[in-house]
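This report refers to the structure that appears directly beneath it.
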Amino acid sequence: MPESVGPPNRPCMSQTAPIKHALPVLRQDDFAQWYQAVIAEAELAEESGVRGCMVIKPWGYGIWERIQKLMDERIKEAGVDNCYFPLFIPLSYFTREAAHVEGFAKEMAVVTHHRLIGDGKGGLIPDPEAKLEEPLIVRPTSETVIGAAMARWIQSWRDLPLLTNQWANVVRWEMRTRMFLRTSEFLWQEGHTAHADEADAMAETLRALEMYRSFAEDVLAMPVVAGPKPENERFPGAVETFSIEAMMQDGKALQAGTSHYLGTTFSEAAGIRYQDKEGQQTLCHTTSWGVSTRMIGGVIMVHGDDDGLRTPPRIAPQQIVILPMLRDNDGDAALLEYCAALRAKLAALSVFDEKVRVLLDKRPGKATAKRWGWVKKGVPLILEIGGRDAEGGQVSVLRRDRLWREDGKANFVGMAQDDFVGMAAGELEAIQQALFEEARARRDAQIVRDIDSVAGLEAYFAEDKQFPGWVELGWSRPTAAALDKVVEQLKALKLTIRNTPMDDVPVSGTCPFTGEPAVERILVARAY
RNA sequence: CGGGGAGUGGCGCAGUCUGGUAGCGCAUCUGCUUUGGGAGCAGAGGGUCGCAGGUUCGAAUCCUGUCUCCCCGACCA
């Protein structure tokens with residue numbers, strides 16, 4: 001039995017034969033256009049006609065459903081219960097917390113009327129008679145409305161901790177939108193928890209952060225750096241914000257998940273109090289944490305290549321697609337029978353503690369034409385089965401992460417059906433692992449650690465560098481006005497501070513911004 | 001929100017300056033041939049030119065407004 005399907009891909013540049021890639025734009029030529037091409041060609045999503053809002057198509061939504069399922073399992077394992085809160089939040093809820101409303105005021109959609117009326121010219125306008133007494137906000141996030149519920153639900157120390165989550169859509173009226181990365185409406189989960197004290201709330205904040213880190217790496221095959229954000233990057237109303245940061249193939253950072261310790265900010269605003277064991281009324285300490293459809297944008301920019309998406313097997317809606325080479329003749333029936341039997345054998349297998357997801361693509365049309373659609377969608381394994389395969393008990397296998405032979409042809413490998421059935425689960429595991437290793441190696445190679453001056457930063461991020469990565473450096477953690485100055489300096493170079501990696505690497509030297517001794521390390525990068 | 005670009009069959013585009021029969025490629029459909037790796041030939045169908053007003057005998061084309069998308073910037077916990 002072969003150990004794996006086909007030799008590994010060579011790097012694109014060293015191909016000896018020209019390759020006819022499936023996408024009209026290559027990454028190295030125009031990364032932004034390439035990103036949009038993947039979304040269109042892989043049929044992940046499309047424009048909706050509504051500003052900043054997208055239609056998520058079956059393959060894209062299928063990936064989201066996979067993310068939802070696997071994340072939901074982890075949330076429930078942590079003892080968090082799902083709830084659902086209203087889409088509309090009364091305006092007055094926001095005015096209770098100044099920092100929070102300050103952060104979101106400019107990007108909120110407001111409902112002011114509850115009825116339409118004819119304008120006399122064949123159109124419709126909001127009925128002036130139907131104006132709402134108090135405007136309703138379409139939720140940009142749900143701290144305020146869930147805080148109000150928590151205030152009702154929590155009376156005693158016995159009610160704590162209160163651990164809730166909701167899967168929902170939220171709306172933020174962003175100035176500039178990008179599919180999946182920043183849409184006006186997006187889908188997410190938001191966890192909201194209340195605790196007796198800071199220690200318990202911080203422990204929950206860090207538990208969620210670690211849940212996101214391991215999810216990104218184990219499920220999305222997307223290496224991330226987890227850590228606290230600097231104070232200028234905090235969520236409005238948060239005492240401490242943590243993030244996971246992933247590196248895209250163009251070297252930019254993407255914040256792929258956040259976890260906030262909110263202190264008593266929202267407890268004070270909403271009156272979330274409990275009677276402690278001594279009989280005292282005490283404010284709760286709350287947290288919130290979320291990941292969104294933005295993660296799909298990250299998957300695209302981490303795993304996509306010049307032939308489309310490479311969907312990590314754990315989140316692929318279909319892991320194996322079987323393409324019968326139909327001839328519109330009498331042989332088709334036997335071929336389909338062979339393929340159906342193969343499908344059943346593969347679907348009975350398990351990988352990653354779930355059944356293998358296999359599709360027999362019986363749609364009319366040539367297998368060779370349908371193949372490229374599945375390549376662009378990033379199905380991990382594609383099987384093309386012809387009449388001779390069926391007669392000889394063979395299969396022809398294409399691994400999405402090893403797509404091309406050196407002669408520029410698709411890297412199909414023929415083998416006995418039984419051999420493939422025996423190795424299919426292992427191949428899916430290997431692809432998942434290979435995608436992660438490739439992304440991690442690329443990221444690690446693009447983090448620079450020997451820059452110790454602002455001039456050095458300037459040189460590293462010079463205009464002629466196509467895809468500069470990240471810089472990790474020690475700094476003195478300035479605050480307030482001193483921090484503002486650093487942020488200004490970085491902004492001139494289009495740079496942002498991502499987070500402080502949570503690892504045990506010691507820090508030394510002096511801060512390039514203040515000249516004072518460095519006290520911690522930060523990641524500096526361009527970001528989405 | 002500022003600057004720039006763009007909206008014409010499902011997709012990609014030409015036509016707009018200089019108003020006068022709505023075109024091309026891909027895709028689709030039909031037929032024939034071919035086919036173990038992204039087929040060839042022939043024929044056919046499909047568009048109130050983003051939307052709303054205006055000018056005109058006549059508007060894809062000119063004018064006004066508006067919506068949406070792309071790029072750069074600002075903004076974005």
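In the structure tokens, the first chain shown is A, the next is B, and so on; residue numbers restart at 1 for each chain, and ligands run from 1 in the order shown.
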
Chain A near chain B within 6 Å: what's each residue's closest atom pair and its distance in Å to one decimal, counting only C-alpha atoms (C1' of nucleotides), ordered by chain then ascending residue number, as JSON lines?
{"residue": "A:Gly49", "atom": "CA", "partner": "B:U68", "partner_atom": "C1'", "distance": 5.8}
{"residue": "A:Arg234", "atom": "CA", "partner": "B:A77", "partner_atom": "C1'", "distance": 5.1}
{"residue": "A:Phe235", "atom": "CA", "partner": "B:A77", "partner_atom": "C1'", "distance": 2.8}
{"residue": "A:Pro236", "atom": "CA", "partner": "B:A77", "partner_atom": "C1'", "distance": 5.3}
{"residue": "A:Ala369", "atom": "CA", "partner": "B:G38", "partner_atom": "C1'", "distance": 5.8}

Practice problem: Per DSSP on the backbone, filter segment 366-502 of chain A down to the residues in strand (DSSP E) and report them as a ChimeraX atom specification. | Solution: /A:381-385,394-399,413-416,447-448,470-475,496-497

Quiz prompt | Met502 of chain A environment, 12 Å, only C-alpha atoms (C1' of nucleotides), sequence neighbours closer than 3 positions dropped, as a PyMOL selection string | solution = chain A and resi 206+209-210+213+224-229+242-245+499+505-506+520-523

If you count only C-alpha atoms (C1' of nucleotides), which residues fall within 12 Å of C41 of chain B, apart from same-chain ones fewer than 3 positions away, as an mmCIF file with C-alpha atoms (C1' of nucleotides), in the first residue's frame?
data_model
loop_
_atom_site.group_PDB
_atom_site.id
_atom_site.type_symbol
_atom_site.label_atom_id
_atom_site.label_comp_id
_atom_site.auth_asym_id
_atom_site.auth_seq_id
_atom_site.Cartn_x
_atom_site.Cartn_y
_atom_site.Cartn_z
ATOM 1 C "C1'" G B 31 -26.772 18.079 -33.456
ATOM 2 C "C1'" C B 32 -22.527 15.415 -35.160
ATOM 3 C "C1'" U B 33 -17.634 13.842 -34.136
ATOM 4 C "C1'" U B 34 -14.302 12.992 -30.202
#

Quiz prompt | Close residues, Lys69 of chain A itself excluded, 12 Å, only C-alpha atoms (C1' of nucleotides), min 4 positions apart in chain, as a list in words | solution = Gly62, Ile63, Trp64, Glu65, Glu73, Arg74, Ile75, Lys76, Trp167, Gln189, Phe215, Val219, Arg314, Ile315, Pro317 and Glu354 of chain A

Write the selection just made, keeping N, CA and C atoms, as an mmCIF file, in the first residue's frame?
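Once everything was written out, this is out.cif:
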data_model
loop_
_atom_site.group_PDB
_atom_site.id
_atom_site.type_symbol
_atom_site.label_atom_id
_atom_site.label_comp_id
_atom_site.auth_asym_id
_atom_site.auth_seq_id
_atom_site.Cartn_x
_atom_site.Cartn_y
_atom_site.Cartn_z
ATOM 1 N N GLY A 62 -21.398 26.061 4.297
ATOM 2 C CA GLY A 62 -21.041 24.738 4.799
ATOM 3 C C GLY A 62 -19.800 24.782 5.674
ATOM 4 N N ILE A 63 -18.826 25.587 5.272
ATOM 5 C CA ILE A 63 -17.628 25.755 6.098
ATOM 6 C C ILE A 63 -18.003 26.409 7.422
ATOM 7 N N TRP A 64 -18.881 27.415 7.375
ATOM 8 C CA TRP A 64 -19.311 28.077 8.614
ATOM 9 C C TRP A 64 -20.045 27.084 9.529
ATOM 10 N N GLU A 65 -20.864 26.231 8.934
ATOM 11 C CA GLU A 65 -21.576 25.237 9.759
ATOM 12 C C GLU A 65 -20.605 24.266 10.425
ATOM 13 N N GLU A 73 -19.378 22.579 20.237
ATOM 14 C CA GLU A 73 -19.036 21.447 21.113
ATOM 15 C C GLU A 73 -18.069 21.881 22.215
ATOM 16 N N ARG A 74 -17.085 22.678 21.831
ATOM 17 C CA ARG A 74 -16.081 23.110 22.807
ATOM 18 C C ARG A 74 -16.684 24.073 23.828
ATOM 19 N N ILE A 75 -17.581 24.943 23.346
ATOM 20 C CA ILE A 75 -18.232 25.891 24.259
ATOM 21 C C ILE A 75 -19.064 25.116 25.285
ATOM 22 N N LYS A 76 -19.806 24.123 24.807
ATOM 23 C CA LYS A 76 -20.652 23.359 25.728
ATOM 24 C C LYS A 76 -19.816 22.520 26.690
ATOM 25 N N TRP A 167 -25.248 32.296 19.389
ATOM 26 C CA TRP A 167 -24.895 32.331 17.970
ATOM 27 C C TRP A 167 -25.842 33.321 17.321
ATOM 28 N N GLN A 189 -20.337 33.935 17.240
ATOM 29 C CA GLN A 189 -20.821 33.547 18.551
ATOM 30 C C GLN A 189 -20.242 34.544 19.538
ATOM 31 N N PHE A 215 -8.533 25.872 18.769
ATOM 32 C CA PHE A 215 -9.473 25.703 17.651
ATOM 33 C C PHE A 215 -8.832 26.153 16.343
ATOM 34 N N VAL A 219 -8.253 22.870 14.309
ATOM 35 C CA VAL A 219 -9.397 22.706 13.409
ATOM 36 C C VAL A 219 -9.185 23.460 12.097
ATOM 37 N N ARG A 314 -10.886 19.114 8.368
ATOM 38 C CA ARG A 314 -11.825 19.143 9.499
ATOM 39 C C ARG A 314 -12.994 20.081 9.256
ATOM 40 N N ILE A 315 -12.819 21.109 8.410
ATOM 41 C CA ILE A 315 -13.938 22.027 8.167
ATOM 42 C C ILE A 315 -14.465 21.910 6.741
ATOM 43 N N PRO A 317 -16.838 20.831 4.005
ATOM 44 C CA PRO A 317 -18.193 20.265 3.962
ATOM 45 C C PRO A 317 -18.209 18.885 3.310
ATOM 46 N N GLU A 354 -15.261 11.698 13.570
ATOM 47 C CA GLU A 354 -16.530 11.888 12.863
ATOM 48 C C GLU A 354 -16.530 10.986 11.642
#

Residue neighbourhood Glu97 of chain A, 8 Å, only C-alpha atoms (C1' of nucleotides), exclusion window fewer than 4 positions, as a CSV table (one decimal) with all heavy atoms, in the first residue's frame:
chain,number,residue,atom,x,y,z
A,93,TYR,N,-30.1,51.5,26.5
A,93,TYR,CA,-29.1,50.6,27.0
A,93,TYR,C,-27.7,51.0,26.8
A,93,TYR,O,-26.8,50.7,27.6
A,93,TYR,CB,-29.4,49.2,26.4
A,93,TYR,CG,-30.5,48.4,27.0
A,93,TYR,CD1,-31.7,49.0,27.4
A,93,TYR,CD2,-30.5,47.0,27.1
A,93,TYR,CE1,-32.8,48.3,27.9
A,93,TYR,CE2,-31.5,46.3,27.6
A,93,TYR,CZ,-32.7,47.0,28.0
A,93,TYR,OH,-33.7,46.2,28.5
A,101,VAL,N,-20.4,53.1,24.3
A,101,VAL,CA,-21.2,53.8,23.3
A,101,VAL,C,-20.2,54.6,22.4
A,101,VAL,O,-20.4,54.8,21.2
A,101,VAL,CB,-22.3,54.6,23.9
A,101,VAL,CG1,-21.8,55.9,24.5
A,101,VAL,CG2,-23.3,55.0,22.8
A,237,GLY,N,-14.9,49.5,26.8
A,237,GLY,CA,-15.5,49.1,28.0
A,237,GLY,C,-14.7,48.0,28.7
A,237,GLY,O,-15.0,47.6,29.8
A,265,THR,N,-17.3,47.0,34.5
A,265,THR,CA,-17.8,48.1,33.7
A,265,THR,C,-19.3,47.9,33.4
A,265,THR,O,-20.1,48.7,33.6
A,265,THR,CB,-17.0,48.1,32.3
A,265,THR,OG1,-15.7,48.3,32.6
A,265,THR,CG2,-17.5,49.2,31.5
A,266,PHE,N,-19.6,46.7,32.9
A,266,PHE,CA,-21.0,46.4,32.5
A,266,PHE,C,-21.9,46.1,33.7
A,266,PHE,O,-23.1,46.2,33.6
A,266,PHE,CB,-21.1,45.4,31.4
A,266,PHE,CG,-20.5,45.9,30.1
A,266,PHE,CD1,-19.2,45.7,29.8
A,266,PHE,CD2,-21.3,46.6,29.2
A,266,PHE,CE1,-18.6,46.2,28.6
A,266,PHE,CE2,-20.8,47.1,28.0
A,266,PHE,CZ,-19.4,46.9,27.7
A,269,ALA,N,-23.0,49.4,34.9
A,269,ALA,CA,-24.0,50.0,34.0
A,269,ALA,C,-25.4,49.3,34.1
A,269,ALA,O,-26.4,50.0,34.0
A,269,ALA,CB,-23.5,49.9,32.5

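Separating atom CA of Thr311 of chain A from atom CA of Arg400 of chain A is a distance of 8.7 Å.
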
Quiz item: Skipping near chain neighbours, those fewer than 2 positions away, what residues fall within 9 Å of Phe88 of chain A using only C-alpha atoms (C1' of nucleotides), listed as a ChimeraX atom specification?
Solution: /A:85-86,90,111,136-139,145

Generate a file of the selected residues that holds N, CA, C and O atoms, formatted as a tab-separated table (two decimals), in the first residue's frame.
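Wrote it out as selection20.tsv, contents follow:
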chain	number	residue	atom	x	y	z
A	85	PHE	N	-30.76	36.25	22.45
A	85	PHE	CA	-31.21	37.57	22.87
A	85	PHE	C	-31.67	38.36	21.65
A	85	PHE	O	-31.32	38.03	20.53
A	86	PRO	N	-32.45	39.43	21.87
A	86	PRO	CA	-33.04	40.15	20.74
A	86	PRO	C	-32.03	40.83	19.83
A	86	PRO	O	-30.98	41.28	20.26
A	90	PRO	N	-32.69	48.59	22.87
A	90	PRO	CA	-33.13	49.98	23.08
A	90	PRO	C	-31.93	50.92	23.20
A	90	PRO	O	-30.92	50.58	23.82
A	111	VAL	N	-33.12	51.75	14.11
A	111	VAL	CA	-34.51	51.60	13.65
A	111	VAL	C	-35.35	52.69	14.30
A	111	VAL	O	-35.38	52.81	15.52
A	136	LEU	N	-34.49	51.89	18.24
A	136	LEU	CA	-33.88	50.59	18.53
A	136	LEU	C	-32.59	50.48	17.72
A	136	LEU	O	-32.54	50.86	16.56
A	137	ILE	N	-31.57	49.94	18.38
A	137	ILE	CA	-30.29	49.72	17.72
A	137	ILE	C	-30.24	48.27	17.25
A	137	ILE	O	-30.60	47.37	17.99
A	138	VAL	N	-29.81	48.05	16.01
A	138	VAL	CA	-29.52	46.69	15.57
A	138	VAL	C	-28.18	46.32	16.22
A	138	VAL	O	-27.18	47.01	16.01
A	139	ARG	N	-28.20	45.26	17.02
A	139	ARG	CA	-27.03	44.98	17.88
A	139	ARG	C	-25.71	44.96	17.11
A	139	ARG	O	-25.58	44.28	16.10
A	145	VAL	N	-27.52	44.24	26.30
A	145	VAL	CA	-28.81	43.55	26.48
A	145	VAL	C	-28.62	42.28	27.32
A	145	VAL	O	-29.48	41.93	28.14

Exercise. Extract the full set of alpha helix (DSSP H) residues from segment 216-301 of chain A according to DSSP on the backbone, and format it as a list in words.
Key: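 Alpha helix (DSSP H) assignments inside segment 216-301 of chain A correspond to Thr265, Phe266, Ser267, Glu268, Ala269, Ala270, Arg294, Met295, Ile296, Gly297, Gly298, Val299, Ile300 and Met301 of chain A.
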
Generate a file of the selected residues that holds C-alpha atoms, formatted as an mmCIF file, in the first residue's frame.
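part-v4.cif written:
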data_model
loop_
_atom_site.group_PDB
_atom_site.id
_atom_site.type_symbol
_atom_site.label_atom_id
_atom_site.label_comp_id
_atom_site.auth_asym_id
_atom_site.auth_seq_id
_atom_site.Cartn_x
_atom_site.Cartn_y
_atom_site.Cartn_z
ATOM 1 C CA THR A 265 -17.812 48.054 33.670
ATOM 2 C CA PHE A 266 -21.002 46.429 32.483
ATOM 3 C CA SER A 267 -22.028 45.287 35.937
ATOM 4 C CA GLU A 268 -22.068 48.896 37.072
ATOM 5 C CA ALA A 269 -23.988 49.978 33.969
ATOM 6 C CA ALA A 270 -26.619 47.230 34.175
ATOM 7 C CA ARG A 294 -14.030 36.511 9.636
ATOM 8 C CA MET A 295 -12.330 33.203 10.428
ATOM 9 C CA ILE A 296 -13.282 32.034 6.933
ATOM 10 C CA GLY A 297 -11.411 34.992 5.488
ATOM 11 C CA GLY A 298 -8.414 33.866 7.490
ATOM 12 C CA VAL A 299 -8.689 30.312 6.203
ATOM 13 C CA ILE A 300 -8.762 31.639 2.634
ATOM 14 C CA MET A 301 -5.695 33.821 3.075
#
